[in-house]
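Enquirer: So here's query-v8.cif (mmCIF, C-alpha atoms).
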data_upload
loop_
_atom_site.label_atom_id
_atom_site.label_comp_id
_atom_site.auth_asym_id
_atom_site.auth_seq_id
_atom_site.Cartn_x
_atom_site.Cartn_y
_atom_site.Cartn_z
CA MET A 1 25.40 1.62 26.12
CA THR A 2 25.46 5.05 24.56
CA THR A 3 24.58 3.64 21.16
CA ALA A 4 21.55 1.88 22.47
CA ILE A 5 20.24 4.76 24.48
CA SER A 6 20.69 7.22 21.65
CA SER A 7 18.51 5.01 19.51
CA VAL A 8 15.68 5.15 22.01
CA PRO A 9 14.40 8.69 21.66
CA GLY A 10 14.87 8.61 17.91
CA ALA A 11 12.67 5.56 17.54
CA ALA A 12 12.65 6.09 13.81
CA GLN A 13 12.40 2.40 13.10
CA PRO A 14 9.88 1.68 10.38
CA ARG A 15 6.54 0.52 11.62
CA ALA A 16 4.94 -2.03 9.41
CA GLY A 17 1.21 -2.32 9.35
CA LEU A 18 -1.18 0.37 10.35
CA ALA A 19 1.03 3.40 10.80
CA ALA A 20 3.17 2.81 7.73
CA GLY A 21 0.19 2.00 5.54
CA LEU A 22 -1.68 5.07 6.66
CA ALA A 23 1.32 7.31 6.18
CA GLU A 24 1.80 6.02 2.62
CA ARG A 25 -1.79 6.51 1.70
CA GLN A 26 -1.94 9.96 3.29
CA ALA A 27 1.13 11.00 1.33
CA GLY A 28 -0.38 9.61 -1.86
CA SER A 29 -3.70 11.30 -1.26
CA ALA A 30 -2.06 14.61 -0.47
CA ALA A 31 -0.07 14.38 -3.68
CA ASN A 32 -3.24 13.72 -5.64
CA GLY A 33 -5.04 16.56 -3.89
CA GLN A 34 -7.51 14.12 -2.32
CA ARG A 35 -8.71 14.42 1.22
CA MET A 36 -8.54 11.38 3.49
CA GLN A 37 -11.98 10.29 4.50
CA THR A 38 -12.74 10.26 8.19
CA ASP A 39 -13.85 7.08 9.92
CA GLU A 40 -17.36 8.53 10.15
CA GLU A 41 -17.50 9.17 6.40
CA ILE A 42 -16.20 5.70 5.61
CA MET A 43 -18.68 4.00 7.88
CA ALA A 44 -21.58 6.12 6.64
CA GLY A 45 -20.66 5.13 3.09
CA ILE A 46 -20.44 1.45 3.96
CA VAL A 47 -23.74 1.53 5.84
CA ALA A 48 -25.27 3.11 2.71
CA GLY A 49 -23.84 0.25 0.64
CA ASP A 50 -21.19 2.27 -1.24
CA GLN A 51 -18.71 -0.32 -2.49
CA ARG A 52 -16.10 2.26 -3.48
CA VAL A 53 -15.90 3.47 0.11
CA TYR A 54 -15.66 -0.14 1.22
CA ALA A 55 -12.77 -0.65 -1.20
CA ASP A 56 -11.02 2.39 0.29
CA ALA A 57 -11.44 0.92 3.76
CA VAL A 58 -9.99 -2.39 2.56
CA HIS A 59 -6.97 -0.64 1.05
CA ARG A 60 -6.41 1.32 4.22
CA HIS A 61 -6.92 -1.36 6.87
CA ALA A 62 -6.56 -4.83 5.34
CA ARG A 63 -2.83 -5.26 5.82
CA PRO A 64 -2.66 -4.24 9.47
CA VAL A 65 -5.49 -6.66 10.19
CA ALA A 66 -3.74 -9.45 8.25
CA PHE A 67 -0.41 -8.76 9.98
CA TYR A 68 -2.12 -8.92 13.34
CA ALA A 69 -3.79 -12.22 12.48
CA TYR A 70 -0.52 -13.60 11.16
CA ARG A 71 1.29 -12.84 14.40
CA MET A 72 -1.54 -14.39 16.37
CA LEU A 73 -1.90 -17.54 14.28
CA GLY A 74 1.50 -17.91 12.62
CA SER A 75 -0.01 -18.83 9.25
CA GLU A 76 -0.34 -16.62 6.19
CA SER A 77 -3.36 -18.41 4.76
CA GLU A 78 -5.21 -18.40 8.06
CA ALA A 79 -4.38 -14.73 8.50
CA GLU A 80 -5.91 -14.05 5.08
CA ASP A 81 -9.03 -15.95 6.09
CA ILE A 82 -9.31 -13.86 9.24
CA ALA A 83 -8.89 -10.68 7.19
CA GLN A 84 -11.60 -11.87 4.78
CA GLU A 85 -14.02 -12.53 7.61
CA THR A 86 -13.16 -9.26 9.35
CA PHE A 87 -13.96 -7.22 6.25
CA LEU A 88 -17.09 -9.20 5.58
CA ARG A 89 -18.24 -8.19 9.04
CA LEU A 90 -17.26 -4.61 8.31
CA TRP A 91 -19.68 -4.74 5.37
CA THR A 92 -22.53 -6.48 7.16
CA GLN A 93 -22.21 -4.92 10.62
CA ALA A 94 -21.02 -1.40 9.90
CA SER A 95 -24.16 0.07 11.46
CA ARG A 96 -23.03 -1.29 14.85
CA TRP A 97 -19.93 0.88 14.88
CA GLN A 98 -20.19 3.80 17.29
CA PRO A 99 -18.09 6.84 16.32
CA GLY A 100 -17.21 8.12 19.79
CA LYS A 101 -16.40 4.72 21.20
CA ALA A 102 -13.55 3.44 19.04
CA ALA A 103 -11.59 4.36 15.94
CA LEU A 104 -12.32 2.23 12.91
CA SER A 105 -8.87 0.59 13.08
CA THR A 106 -9.48 -0.31 16.74
CA TRP A 107 -12.91 -1.72 15.89
CA LEU A 108 -11.48 -3.83 13.06
CA HIS A 109 -8.68 -5.10 15.30
CA ARG A 110 -11.28 -6.07 17.90
CA ILE A 111 -13.20 -8.08 15.31
CA ALA A 112 -9.99 -9.71 14.09
CA HIS A 113 -8.93 -10.42 17.67
CA ASN A 114 -12.23 -12.15 18.45
CA LEU A 115 -11.97 -14.19 15.26
CA CYS A 116 -8.40 -15.20 16.11
CA ILE A 117 -9.42 -16.25 19.61
CA ASP A 118 -12.33 -18.27 18.19
CA PHE A 119 -9.95 -19.91 15.74
CA LEU A 120 -7.43 -20.73 18.46
CA ARG A 121 -10.14 -22.15 20.70
CA LYS A 122 -11.43 -24.38 17.94
CA ASN A 123 -8.01 -25.54 16.85
CA LYS A 124 -5.90 -25.39 19.96
CA PRO A 125 -8.26 -25.84 22.88
CA ALA A 126 -5.47 -26.60 25.32
CA LEU A 127 -4.01 -23.17 24.87
CA ALA A 128 -7.26 -21.32 24.83
CA SER A 129 -8.69 -21.20 28.30
CA GLU A 130 -8.21 -18.32 30.64
CA LEU A 131 -6.34 -20.67 32.88
CA SER A 132 -3.72 -21.15 30.23
CA ASP A 133 -2.23 -17.82 31.22
CA GLU A 134 -1.28 -19.45 34.47
CA LEU A 135 -0.53 -22.93 33.23
CA VAL A 136 1.83 -22.24 30.38
CA ASP A 137 5.37 -21.73 31.54
CA ASP A 138 6.17 -18.09 31.83
CA GLN A 139 9.83 -18.66 31.27
CA LEU A 140 11.93 -21.18 29.50
CA THR A 141 15.57 -21.57 30.15
CA ALA A 142 17.87 -20.65 27.34
CA ASP A 143 18.75 -24.33 26.75
CA GLU A 144 15.10 -25.33 26.54
CA ALA A 145 14.42 -22.54 24.11
CA LEU A 146 17.36 -23.60 21.96
CA ALA A 147 16.12 -27.17 21.92
CA VAL A 148 12.62 -26.09 20.92
CA ALA A 149 13.77 -24.07 17.97
CA ALA A 150 17.04 -25.42 16.72
CA GLU A 151 16.54 -24.37 13.14
CA GLN A 152 13.27 -22.50 13.30
CA ASN A 153 12.47 -18.85 13.59
CA LEU A 154 12.89 -18.58 17.32
CA LEU A 155 10.87 -15.40 17.63
CA GLN A 156 7.88 -16.93 15.88
CA VAL A 157 8.13 -19.95 18.14
CA ALA A 158 8.40 -17.71 21.17
CA LEU A 159 5.34 -15.70 20.17
CA ALA A 160 3.37 -18.86 19.44
CA ARG A 161 4.16 -20.22 22.88
CA LEU A 162 2.84 -17.15 24.66
CA PRO A 163 -0.65 -17.45 26.13
CA GLU A 164 -3.08 -15.87 23.70
CA ARG A 165 -3.91 -12.79 25.76
CA GLN A 166 -0.26 -11.99 26.36
CA ARG A 167 0.44 -12.50 22.67
CA SER A 168 -2.44 -10.23 21.67
CA ALA A 169 -1.33 -7.55 24.10
CA LEU A 170 2.24 -7.64 22.83
CA VAL A 171 1.38 -7.75 19.14
CA LEU A 172 -1.20 -4.98 19.34
CA THR A 173 1.09 -2.73 21.35
CA HIS A 174 4.44 -3.46 19.79
CA TYR A 175 3.67 -4.31 16.17
CA GLN A 176 0.31 -2.71 15.42
CA GLY A 177 1.24 0.60 17.03
CA LEU A 178 -2.00 0.99 18.95
CA SER A 179 -2.13 3.00 22.16
CA ASN A 180 -2.46 1.27 25.51
CA LYS A 181 -6.07 2.46 25.86
CA GLU A 182 -6.97 1.09 22.42
CA VAL A 183 -5.35 -2.24 23.20
CA ALA A 184 -7.04 -2.42 26.60
CA ASP A 185 -10.33 -1.71 24.83
CA ILE A 186 -9.77 -4.47 22.27
CA LEU A 187 -8.85 -7.00 24.94
CA ALA A 188 -11.62 -5.78 27.26
CA VAL A 189 -9.23 -5.28 30.17
CA THR A 190 -8.08 -2.30 32.19
CA VAL A 191 -4.84 -0.49 31.33
CA ASP A 192 -3.31 -1.90 34.52
CA ALA A 193 -4.24 -5.43 33.49
CA LEU A 194 -2.82 -4.77 30.04
CA GLU A 195 0.47 -3.65 31.54
CA SER A 196 0.58 -6.82 33.58
CA LEU A 197 -0.02 -8.94 30.45
CA LEU A 198 2.68 -7.04 28.57
CA ALA A 199 5.21 -7.37 31.38
CA ARG A 200 4.64 -11.12 31.58
CA ALA A 201 4.89 -11.49 27.82
CA ARG A 202 8.16 -9.60 27.65
CA ARG A 203 9.54 -11.55 30.60
CA SER A 204 8.77 -14.80 28.80
CA LEU A 205 10.31 -13.60 25.56
CA LYS A 206 13.48 -12.50 27.26
CA ALA A 207 14.66 -16.11 27.69
CA TYR A 208 14.14 -16.76 23.99
CA CYS A 209 15.89 -13.53 23.12
CA GLN A 210 18.93 -14.54 25.16
CA ALA A 211 18.89 -17.99 23.57
CA ASP A 212 18.78 -16.45 20.12
CA GLY A 213 21.70 -14.23 21.05
CA GLN A 214 23.68 -17.29 22.13
CA ARG A 215 22.80 -19.08 18.91
CA GLN A 216 23.95 -16.14 16.82
CA ALA A 217 27.18 -15.94 18.78
CA ALA A 218 27.77 -19.69 18.29
CA LYS A 219 27.18 -19.35 14.56
CA GLU A 220 29.65 -16.49 14.35
CA ARG A 221 32.26 -18.50 16.23
CA LEU A 222 31.80 -21.44 13.86
CA SER A 223 32.05 -19.32 10.76
CA MET B 1 -3.48 8.59 37.37
CA LYS B 2 -2.47 7.36 33.94
CA ASN B 3 -5.06 9.48 32.15
CA ASP B 4 -3.61 12.85 33.12
CA ILE B 5 -0.29 14.13 31.88
CA GLU B 6 2.37 13.23 34.41
CA LEU B 7 5.03 15.80 35.17
CA THR B 8 7.27 13.51 37.16
CA ILE B 9 7.75 9.78 37.36
CA THR B 10 9.16 7.51 40.02
CA GLU B 11 11.89 4.97 39.36
CA GLN B 12 9.43 2.20 40.18
CA ARG B 13 6.92 3.45 37.64
CA PHE B 14 9.66 3.92 35.06
CA ALA B 15 10.71 0.30 35.60
CA GLN B 16 7.10 -0.76 35.10
CA LEU B 17 6.95 1.20 31.84
CA LEU B 18 10.05 -0.53 30.55
CA ALA B 19 8.83 -3.93 31.66
CA SER B 20 5.50 -3.45 29.90
CA TYR B 21 6.19 -1.29 26.87
CA GLY B 22 9.91 -1.69 26.28
CA ALA B 23 12.45 1.01 25.61
CA ASP B 24 10.83 2.70 22.61
CA PRO B 25 9.20 5.93 23.86
CA ASP B 26 6.68 5.69 21.02
CA HIS B 27 5.17 2.73 22.83
CA TRP B 28 4.99 4.46 26.20
CA PRO B 29 1.66 5.94 27.30
CA GLY B 30 1.41 9.47 25.92
CA ALA B 31 0.55 10.96 29.31
CA GLU B 32 3.77 9.69 30.86
CA ARG B 33 6.13 9.91 27.89
CA ASP B 34 7.59 13.36 28.56
CA ALA B 35 8.12 12.66 32.24
CA ALA B 36 9.75 9.32 31.44
CA LEU B 37 12.07 10.87 28.84
CA ALA B 38 13.08 13.58 31.30
CA PHE B 39 13.71 10.89 33.89
CA VAL B 40 15.99 8.99 31.49
CA ALA B 41 17.88 12.14 30.61
CA GLN B 42 18.62 12.89 34.26
CA ASN B 43 19.18 9.42 35.63
CA GLY B 44 22.08 7.12 34.81
CA ARG B 45 20.42 4.11 36.37
CA ALA B 46 17.35 4.71 34.19
CA ARG B 47 19.59 4.71 31.11
CA HIS B 48 21.07 1.40 32.16
CA MET B 49 17.58 -0.07 32.65
CA THR B 50 16.57 1.22 29.24
CA ASN B 51 19.55 -0.41 27.55
CA GLU B 52 18.52 -3.79 28.91
CA ALA B 53 15.07 -3.37 27.41
CA VAL B 54 16.46 -2.21 24.06
CA GLN B 55 17.90 -5.66 23.36
CA LEU B 56 14.47 -7.30 23.52
CA ASP B 57 12.92 -4.52 21.46
CA GLN B 58 15.49 -5.01 18.72
CA TRP B 59 14.89 -8.73 18.74
CA LEU B 60 11.14 -8.21 18.41
CA GLN B 61 11.75 -5.70 15.66
CA SER B 62 13.80 -8.22 13.69
CA SER B 63 10.69 -10.27 12.95
CA ARG B 64 9.30 -7.48 10.78
CA GLU B 65 11.75 -8.55 8.09
CA GLN B 66 10.34 -12.08 8.14
CA GLN B 67 6.64 -11.31 7.95
CA PRO B 68 4.74 -12.30 4.80
CA LEU B 69 4.04 -9.72 2.13
CA PHE B 70 0.37 -10.63 1.67
CA ALA B 71 0.67 -9.96 -2.03
CA GLY B 72 -2.64 -9.11 -3.64
CA LEU B 73 -4.50 -9.25 -0.34
CA GLU B 74 -6.73 -6.29 -1.14
CA THR B 75 -7.63 -7.71 -4.55
CA LYS B 76 -8.57 -11.02 -2.96
CA LEU B 77 -10.75 -9.29 -0.39
CA LEU B 78 -12.47 -7.10 -2.97
CA ARG B 79 -13.02 -9.97 -5.38
CA ARG B 80 -15.21 -11.71 -2.85
CA ALA B 81 -18.91 -11.09 -3.49
CA LEU B 82 -20.48 -8.99 -0.78
CA PRO B 83 -23.85 -10.06 0.60
CA PRO B 84 -26.78 -7.69 0.17
CA LYS B 85 -27.20 -5.20 2.96
CA ALA B 86 -29.78 -6.00 5.62
CA GLN B 87 -32.55 -3.39 5.24
CA SER B 88 -33.93 -1.29 8.05
CA LEU B 89 -37.63 -1.43 8.95
CA THR B 90 -38.31 1.81 7.03
CA ASP B 91 -36.52 0.47 3.97
CA ARG B 92 -38.46 -2.76 4.12
CA LEU B 93 -41.75 -0.84 4.42
CA LEU B 94 -40.83 1.34 1.43
CA THR B 95 -39.85 -1.74 -0.56
CA TRP B 96 -43.17 -3.30 0.25
CA LEU B 97 -45.07 -0.15 -0.69
CA LEU B 98 -43.06 0.41 -3.85
CA PRO B 99 -42.36 -3.05 -5.21
CA SER B 100 -39.63 -3.82 -7.65
CA PRO B 101 -40.47 -3.33 -11.35
CA ASP B 102 -39.61 -6.99 -11.86
CA LEU B 103 -42.58 -8.18 -9.85
CA PRO B 104 -45.44 -9.44 -12.07
CA LEU B 105 -48.10 -7.77 -9.90
CA ARG B 106 -46.48 -4.37 -10.14
CA GLN B 107 -48.79 -3.32 -12.95
CA MET B 108 -51.78 -3.95 -10.71
CA TRP B 109 -50.32 -2.35 -7.63
CA ARG B 110 -51.09 1.27 -8.43
CA PRO B 111 -54.74 0.76 -9.50
CA VAL B 112 -55.30 -1.32 -6.37
CA ALA B 113 -53.68 1.36 -4.22
CA ALA B 114 -55.77 4.04 -5.94
CA ALA B 115 -58.94 2.00 -5.39
CA CYS B 116 -58.12 1.52 -1.74
CA LEU B 117 -57.48 5.20 -1.12
CA PRO B 118 -61.19 6.21 -0.86
CA LEU B 119 -61.75 3.26 1.44
CA VAL B 120 -58.95 4.42 3.74
CA ILE B 121 -60.25 7.98 3.69
CA GLY B 122 -63.77 6.69 4.38
CA VAL B 123 -62.61 4.72 7.39
CA LEU B 124 -60.74 7.73 8.76
CA VAL B 125 -63.75 10.03 8.27
CA GLY B 126 -65.96 7.37 9.81
CA PHE B 127 -63.89 7.40 12.96
CA GLN B 128 -64.23 11.20 13.15
CA VAL B 129 -68.02 11.12 12.61
CA GLU B 130 -68.49 8.38 15.16
CA LEU B 131 -67.20 10.64 17.88
CA ALA B 132 -69.71 13.41 17.09
CA PRO B 133 -72.96 11.76 18.43
CA GLU B 134 -71.33 11.22 21.79
CA VAL B 135 -70.53 14.90 22.00
CA TYR B 136 -74.03 15.73 20.79
CA ALA B 137 -75.65 13.31 23.22
CA THR B 138 -73.83 14.81 26.12
CA SER B 139 -74.83 18.29 25.17
CA VAL B 140 -78.53 17.29 24.74
CA GLU B 141 -78.57 15.73 28.17
CA GLU B 142 -77.13 18.86 29.67
CA GLU B 143 -79.65 20.98 27.79
CA LEU B 144 -82.60 18.85 28.98
CA TYR B 145 -81.33 19.17 32.48
CA LEU B 146 -81.20 22.93 32.18
CA ILE B 147 -84.71 23.05 30.63
CA SER B 148 -86.08 20.93 33.42
CA LEU B 149 -84.65 23.32 35.95
CA SER B 150 -86.12 26.19 34.04
CA ASP B 151 -89.64 24.57 33.92
CA TYR B 152 -89.50 23.88 37.61
CA ALA B 153 -88.72 27.53 38.22
CA GLU B 154 -91.72 28.62 36.08
CA ILE B 155 -94.14 26.30 37.94
CA LEU B 156 -92.99 27.73 41.20
#
So, in terms of structure tokens, how does the structure I just supplied come out?
Expert:
Amino acid sequence: MTTAISSVPGAAQPRAGLAAGLAERQAGSAANGQRMQTDEEIMAGIVAGDQRVYADAVHRHARPVAFYAYRMLGSESEAEDIAQETFLRLWTQASRWQPGKAALSTWLHRIAHNLCIDFLRKNKPALASELSDELVDDQLTADEALAVAAEQNLLQVALARLPERQRSALVLTHYQGLSNKEVADILAVTVDALESLLARARRSLKAYCQADGQRQAAKERLS
Amino acid sequence: MKNDIELTITEQRFAQLLASYGADPDHWPGAERDAALAFVAQNGRARHMTNEAVQLDQWLQSSREQQPLFAGLETKLLRRALPPKAQSLTDRLLTWLLPSPDLPLRQMWRPVAAACLPLVIGVLVGFQVELAPEVYATSVEEELYLISLSDYAEIL
């Protein structure tokens, strides 16, 4: 108990994606004596057709967008396609970005989110409707979860089985490191509604988590 | 309520935070983080609740090790040809007025524009001159009216 709680305030676990990428680039830029461009400068450059600024934006934001798409779709190649389309839209629709309304990373995540939802609706219509939030089982028993993913990555299976809005909420909050207001903005819901989505997602995942724990314990016993 | 910095937090709200955001304070809303941390520090039951949430957080965290590397992603994205930018109305007007050097008619464009310039000026001057007779006519009518009054006064 003490071990776990002491790890909470530290929270020094590495954050893949946005935060880590930004930190690396900031450190690199500082070492080179270069100043990080603001979102406004980047977008002004892209609107003006400056391809070097566009390349900077790609280096800064491509991976977080791809990681998000991967967690939403579960496929590396599809995630790359989503990233391609997102950055194409950055190039063609940069003038639509409004500085005070959303950070560039939030705006890109919103584009990627919409593309992922479109993809899911085209390819998995049964999971796509708003009703699916209600229809898909919120909780599986540990046995069911074990049966579903005997040899697979149980976490990936668990994420894939979440209704899309719950999955988006969880991925954006937990993995992408966005604030609750940014995530609520991307999903076009209130912060209260976001918290409800997150709570339901975590409740669903808990059964899988317990099943995975049992599986690990069984493996250890066998070995 | 969630926009302002909270100084205290109830157990119910703390449970909601854990249920939604997990046990990592970095994921908690900034406005409530300090109050929630203080609550954990003072409350044994809160610590127990946090420990339960930690297990799920750690499980979620484990998937970071399994995510793809996306090797060469940036290169792939930058290799793709970008479409030309859509021009604004002003840009399109300027492009029309100042055509590309590649256009075959470009050589004729400037003499034509120069020839048209007097015509444009003439039309503009014409509009100005056209207004003058109306002003003049009005003033003549008024003057005749005044003269007629004056004649009438002389006859009397």
Enquirer: Evaluate the PyMOL selection byres ((chain A and resi 158) around 10) against this structure - the residues, as a PyMOL selection string, please.
Expert: chain A and resi 140+145+148-149+153-157+159-162+167+201+204-209
Enquirer: Which residues of chain A have any atom within 8 Å of an atom in chain B when counting only C-alpha atoms, and what is the closest pair of atoms for each, with the distance in Å to one decimal? Order the rows by chain and rising number and write it as a Markdown table.
Expert:
| residue | atom | partner | partner_atom | distance |
| --- | --- | --- | --- | --- |
| A:Met1 | CA | B:Asn51 | CA | 6.4 |
| A:Ala4 | CA | B:Asn51 | CA | 5.9 |
| A:Ile5 | CA | B:Asn51 | CA | 6.1 |
| A:Val8 | CA | B:Asp24 | CA | 5.5 |
| A:Pro9 | CA | B:Pro25 | CA | 6.3 |
| A:Ala11 | CA | B:Asp24 | CA | 6.1 |
| A:Ala16 | CA | B:Arg64 | CA | 7.1 |
| A:Gly49 | CA | B:Lys85 | CA | 6.8 |
| A:Ala55 | CA | B:Leu78 | CA | 6.7 |
| A:Val58 | CA | B:Glu74 | CA | 6.3 |
| A:His59 | CA | B:Glu74 | CA | 6.1 |
| A:Ala62 | CA | B:Glu74 | CA | 6.6 |
| A:Arg63 | CA | B:Phe70 | CA | 7.5 |
| A:Ala66 | CA | B:Phe70 | CA | 7.8 |
| A:Phe67 | CA | B:Gln67 | CA | 7.8 |
| A:Glu76 | CA | B:Pro68 | CA | 6.8 |
| A:Glu80 | CA | B:Leu73 | CA | 7.4 |
| A:Ala83 | CA | B:Leu77 | CA | 7.9 |
| A:Gln84 | CA | B:Leu77 | CA | 5.8 |
| A:Phe87 | CA | B:Leu77 | CA | 7.7 |
| A:Leu88 | CA | B:Leu82 | CA | 7.2 |
| A:Trp91 | CA | B:Leu82 | CA | 7.5 |
| A:Thr92 | CA | B:Lys85 | CA | 6.4 |
| A:Leu155 | CA | B:Ser63 | CA | 6.9 |
| A:Gln156 | CA | B:Ser63 | CA | 7.8 |
| A:Thr173 | CA | B:His27 | CA | 7.0 |
| A:His174 | CA | B:His27 | CA | 6.9 |
| A:Gly177 | CA | B:His27 | CA | 7.3 |
| A:Ser179 | CA | B:Pro29 | CA | 7.0 |
| A:Asn180 | CA | B:Pro29 | CA | 6.5 |
| A:Glu195 | CA | B:Ser20 | CA | 5.3 |
| A:Ser196 | CA | B:Ser20 | CA | 7.0 |
| A:Leu197 | CA | B:Ser20 | CA | 7.8 |
| A:Leu198 | CA | B:Ser20 | CA | 4.8 |
| A:Ala199 | CA | B:Ser20 | CA | 4.2 |
| A:Arg200 | CA | B:Ser20 | CA | 7.9 |
| A:Arg202 | CA | B:Ala19 | CA | 7.0 |
| A:Arg203 | CA | B:Ala19 | CA | 7.7 |
| A:Leu205 | CA | B:Leu56 | CA | 7.8 |
| A:Lys206 | CA | B:Leu56 | CA | 6.5 |
| A:Cys209 | CA | B:Leu56 | CA | 6.4 |
Enquirer: Taking the file as I've supplied it (selection: the PyMOL selection byres ((chain A and resi 41) around 12)), which residues are included? Please answer as a ChimeraX atom specification.
Expert: /A:35-40,42-48,50,53-54,56-57,94,99,104
Enquirer: Once the PyMOL selection byres ((chain A and resi 117) around 12) is applied to the coordinates I shared, what remains selected? I want it as a PyMOL selection string.
Expert: chain A and resi 69+72-73+82+109-116+118-125+127-130+163-165+167-168+187
Enquirer: What is the distance, in Å and to one decimal place, between CA of Tyr175 in chain A and CA of Gly74 in chain A?
Expert: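 Interatomic distance here is 14.2 Å.
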